[in-house]
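See structure below.
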Protein chains: 2
Amino acid sequence: MNRTNGGTAGRTAGGAAGVTAGVNLLALRSHNTALVLDLLRTAGPAGISRLELAERTGLTPQAVSKITARLREEGLAAEAGRRASTGGKPRTVLRLVPEAGHAVGVHLDRDELLVVLTELDGRVVGERTVWLDLGAGAEAVVGTVVREVDGVVDELLKGGAGGGAESAGDAGRAAGARGAPTLLGVGVALPGPLDHIHGVLHRVTGFPEWDGYPLRDTLARRLGVPVVVDKDTNAAALGLAVLGERGSFAYLHLGTGLGAGLVIGGSVHRGTRTGAGEFGHQVVQLDGPLCSCGNRGCVEALCLAAIDRGDVPGAARVLGIAAANLAGLLDIDLLLLGGRTIAATPAPFVHGVTTVLIEHARREGAHEVAVPVRLATGGTRVVAEGAAQLLLGPVFGRADG
Amino acid sequence: MNRTNGGTAGRTAGGAAGVTAGVNLLALRSHNTALVLDLLRTAGPAGISRLELAERTGLTPQAVSKITARLREEGLAAEAGRRASTGGKPRTVLRLVPEAGHAVGVHLDRDELLVVLTELDGRVVGERTVWLDLGAGAEAVVGTVVREVDGVVDELLKGGAGGGAESAGDAGRAAGARGAPTLLGVGVALPGPLDHIHGVLHRVTGFPEWDGYPLRDTLARRLGVPVVVDKDTNAAALGLAVLGERGSFAYLHLGTGLGAGLVIGGSVHRGTRTGAGEFGHQVVQLDGPLCSCGNRGCVEALCLAAIDRGDVPGAARVLGIAAANLAGLLDIDLLLLGGRTIAATPAPFVHGVTTVLIEHARREGAHEVAVPVRLATGGTRVVAEGAAQLLLGPVFGRADG
DNA sequence: GCACTTTGGCAACAGCGTTGCGAAAGTAGA
DNA sequence: TCTACTTTCGCAACGCTGTTGCCAAAGTGC
């Protein structure tokens, strides 16, 4: 696994702003291999033929054969039957071998911890949920995360031998020489602004003790595997992107707060300081009511106030207007709604936001099509699954998911 | 020139949403060549040494030597003196040969036509301005554009032989076998929403006769060279990006209307239907005053109304709030202000917008740094220069500028 | 059973960046 | 002025990539 692709091989050391880097033959191979893996993943258990891979990648059939031969040797791909003949030799179908790699996704919420173990294709094969108080202090929370992650990994990747706490820190010993299960790493998603690049929390609203906490490095040291942290909305958007949403879309999350995850051209847009997606504190009413952030007229404040007084259509309308602002600015394909408040009464929200966007499109021009609005699928696990994708993504050529 | 890089070689035919494509050796060479050319362009007349190129690209010095040797053979690069020695053989400095390629940029405004001819490095070597009425009908306007473009090209690329109109359509014969000047194509920037991919106008506010006009194909047929069309704000943003603004930024244009051009990670973000950057009709006041678009409370309406009543600080504040919404959503590095209205009284606008953003940042957190606000440089030609970059960009590895 | 179509691997090949090495072009010191 | 050293940079051989030409394998249709 480790040599399948050289990680982000070929990336030049310097370039902070990720300007551009030269591509050598190693990077070329990594890219094409990841591309083929990605198509295999997308095809799912149904599989995909070599010639179809060639068409989709633009590579020659022979090149695809070479790549898939290597993947089969490494155990990442396998043959899976054949298609019906069209007058000649039938195409052999290839599929991803999901068990060849694993990733852990952690959804660290204000009052709950959800840990999932997924295979290469993103399918969840293990899950744990425990109650937890984010305000209980960094040490306690990190301890709980380490214990639960190790628990899931020990149980499902190491044959379930032995007990719990004493194996803490051993999670990383998976990448053995033999066909041992390989753990790519752990992705952690949590609320609030944070520095995705350095893995440091800025602040978690309501819990000042987390300010500046180096969560990624702490967890990586104690778990012994690579760790990536990200905002919960970004993880959710990433999870939805892998679950089938293509192109560019925004995931709007309405729960205790209002935030967004942006997927542009298939990958999460985080912005320069990885703070993008601050949707809730968009001002839509000049000199409006005071928001918790200190500003006036934020969508979040207006939306939550409407919900507090039982005015769901009003909340939906405000949300729709902010969504239309976003859609006009970025010209995206789709809006997805999610979060506890949406889940409580989904229909009026979808309807209300849709209505605003249709009106908006009508004013833009006769042949203008409104951006479709849908409920985010995937249920309560989507954030944790997306967190796992933070590790799985690079295998399939996605920069950070 | 034509064989320097195979254009966007290697791009698979199908993939509408530009998903991902396989990379073959030809594409690899194109990429690395474009990368080196881009660094040569950035270095300007001062030049850059081979070893520096190697460091910046991550390629080995020998690979850079091969690439630059090819570029020198093709006349795109040349030696330009040497640096001071640091104890051994001094580094040879290479520079771009700007005269090896040309592009035309056209700024088609409501009442004026500006045509520039630029060299590879973006420097303007010829310029024409004529008054023109966008409402005079498509045929008349297109005729004027063709005449002026041909005029500039004939005068400066073909030795200025002969007259004007009869050579219309000959502009494309430049790419001769000998060292004849090579015209890459013509970029056209104009106001109003349009389809960048297909080169078709949606509508130009106030001029319904342009609805659905296939401007790109019409011009390409009559000029005989590749033509690319884009919104004026996108062209301006592109021009500013080449003029030195790095990273991600938004260009906010306040003139007869209010629009934005978004540069994310060095390239223009246009969105799925190339309609991104609709900044002016962002709603910032629920149920506010009616806007020309039919909606209520758009920034554009509020901003222009404030200006109409002489309240520049008020206009700046409203603009600042909308800019803060944008900056929070995308997490960009920089905001640039431009357009006639800004140019009339720049200081209060920069000050007003800056103030709003600083207040916003202060509320976000103590160590939060506000997004800097600056006046867009480049003067009145920046849109036309950016339009030329629509053709120059691909030479340097930029997808569409 | 034969002709035909289609798949996909083997072998030779061209072209990319890489490595090893040496000539070229300077500086620093005797 | 000569020698030793440093640094740049091109030539040649190399490994590895995707590509091309060719042919065996595995089906269908008559």
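How things are named: the first chain in the structure tokens is A, the next is B, and so on; residues count from 1 in each chain; ligands count from 1 in the order shown.
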
Taking the DSSP secondary structure from the backbone, can you list the residues of range 20-114 of chain A that are helix (DSSP H, G or I), as a PyMOL selection string?
chain A and resi 25-46+50-57+61-73+98-100

Quick one: residues within 7 Å of range 17-25 of chain D, only C-alpha atoms (C1' of nucleotides) counted, chain neighbours fewer than 2 positions away excluded, as a ChimeraX atom specification?
/A:25,63 /B:24-25

Okay, now the selection with N, CA, C and O atoms, as a short mmCIF file (atom, residue, chain, number, x, y, z; two decimals), in the first residue's frame?
data_model
loop_
_atom_site.label_atom_id
_atom_site.label_comp_id
_atom_site.auth_asym_id
_atom_site.auth_seq_id
_atom_site.Cartn_x
_atom_site.Cartn_y
_atom_site.Cartn_z
N LEU A 25 8.16 11.50 -13.79
CA LEU A 25 7.50 10.26 -14.18
C LEU A 25 6.84 9.55 -13.00
O LEU A 25 5.80 8.92 -13.14
N ALA A 63 -2.00 1.02 -21.70
CA ALA A 63 -1.55 1.69 -20.48
C ALA A 63 -2.44 1.29 -19.31
O ALA A 63 -1.95 1.02 -18.21
N ASN B 24 -0.48 11.63 -20.17
CA ASN B 24 0.53 10.87 -20.89
C ASN B 24 1.80 11.70 -21.00
O ASN B 24 1.89 12.81 -20.47
N LEU B 25 2.79 11.15 -21.68
CA LEU B 25 4.10 11.81 -21.68
C LEU B 25 4.07 13.15 -22.38
O LEU B 25 4.77 14.09 -22.01
#

I need the chain B residues near chain A as a VMD selection string; criterion: at most 6 Å, counting only C-alpha atoms.
chain B and resid 12 21 to 22 32 57 to 59 271 to 272 275 to 279 282 to 286 325 328 to 332

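Set the cut-off at 8 Å, count only C-alpha atoms (C1' of nucleotides), and the residues of chain C near chain A turn out to be DT5, DT6, DT7, DG8, DC16 and DG17 of chain C.
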
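Residue-level contact on chain D: within 6 Å of chain A, counting only C-alpha atoms (C1' of nucleotides), the set is DA26, DG27 and DT28 of chain D.
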
Could you check how far CA of Gly135 in chain B sits from CA of Leu215 in chain B, in Å to one decimal?
14.7 Å

Can you list, as a PyMOL selection string, every residue of range 33-193 of chain A that DSSP puts in strand (DSSP E)?
chain A and resi 48-49+77-82+92-96+102-108+112-119+124-131+183-190

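You will find CA of Thr354 in chain B at 29.5 Å from CA of Gln389 in chain B.
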
Residues near Ala77 in chain A, anyone? I mean within 6 Å using only C-alpha atoms (C1' of nucleotides), not counting same-chain ones fewer than 3 positions away, as number ranges by chain.
A: 71-72, 95-97

As an MDAnalysis selection string, please: the residues near Gly401 in chain B (cut-off 8 Å, only C-alpha atoms (C1' of nucleotides), same-chain neighbours under 4 positions excluded).
chainID B and resid 238 267:268 389:394

So which residues touch Val142 in chain A within 12 Å, counting only C-alpha atoms (C1' of nucleotides), skipping near sequence neighbours fewer than 2 positions away, as an MDAnalysis selection string?
chainID A and resid 106 108 113 132:140 144:149 168 188 210 213:223

Go ahead and save the residues from that selection, with C-alpha atoms, as a PDB file, in the first residue's frame.
ATOM      1  CA  VAL A 106     -14.121  10.632  13.915  1.00  0.00           C
ATOM      2  CA  LEU A 108     -16.291  14.972  17.503  1.00  0.00           C
ATOM      3  CA  LEU A 113     -18.329  11.132  19.787  1.00  0.00           C
ATOM      4  CA  LEU A 132     -18.872  13.066  25.675  1.00  0.00           C
ATOM      5  CA  ASP A 133     -18.630  16.665  26.839  1.00  0.00           C
ATOM      6  CA  LEU A 134     -16.402  18.833  24.689  1.00  0.00           C
ATOM      7  CA  GLY A 135     -16.075  21.147  27.672  1.00  0.00           C
ATOM      8  CA  ALA A 136     -14.587  18.454  29.899  1.00  0.00           C
ATOM      9  CA  GLY A 137     -11.057  19.543  29.018  1.00  0.00           C
ATOM     10  CA  ALA A 138      -8.674  18.681  26.248  1.00  0.00           C
ATOM     11  CA  GLU A 139      -6.935  15.809  28.028  1.00  0.00           C
ATOM     12  CA  ALA A 140     -10.144  14.000  28.879  1.00  0.00           C
ATOM     13  CA  THR A 144     -11.656   9.283  25.024  1.00  0.00           C
ATOM     14  CA  VAL A 145     -10.969   9.694  21.308  1.00  0.00           C
ATOM     15  CA  VAL A 146      -7.771   7.647  21.543  1.00  0.00           C
ATOM     16  CA  ARG A 147      -9.515   4.914  23.506  1.00  0.00           C
ATOM     17  CA  GLU A 148     -12.435   4.616  21.118  1.00  0.00           C
ATOM     18  CA  VAL A 149     -10.314   4.740  17.984  1.00  0.00           C
ATOM     19  CA  ALA A 168      -3.366   2.640  23.191  1.00  0.00           C
ATOM     20  CA  VAL A 188     -11.283  14.077  12.772  1.00  0.00           C
ATOM     21  CA  TRP A 210      -9.760  24.655  23.122  1.00  0.00           C
ATOM     22  CA  TYR A 213      -5.074  23.430  20.807  1.00  0.00           C
ATOM     23  CA  PRO A 214      -2.804  21.364  18.492  1.00  0.00           C
ATOM     24  CA  LEU A 215      -5.298  18.555  18.076  1.00  0.00           C
ATOM     25  CA  ARG A 216      -3.776  16.917  15.020  1.00  0.00           C
ATOM     26  CA  ASP A 217      -0.241  16.509  16.333  1.00  0.00           C
ATOM     27  CA  THR A 218      -1.424  15.412  19.764  1.00  0.00           C
ATOM     28  CA  LEU A 219      -3.631  12.705  18.325  1.00  0.00           C
ATOM     29  CA  ALA A 220      -1.048  11.638  15.759  1.00  0.00           C
ATOM     30  CA  ARG A 221       1.512  11.151  18.508  1.00  0.00           C
ATOM     31  CA  ARG A 222      -0.791   9.164  20.744  1.00  0.00           C
ATOM     32  CA  LEU A 223      -2.314   7.070  17.975  1.00  0.00           C
TER      33      LEU A 223
END
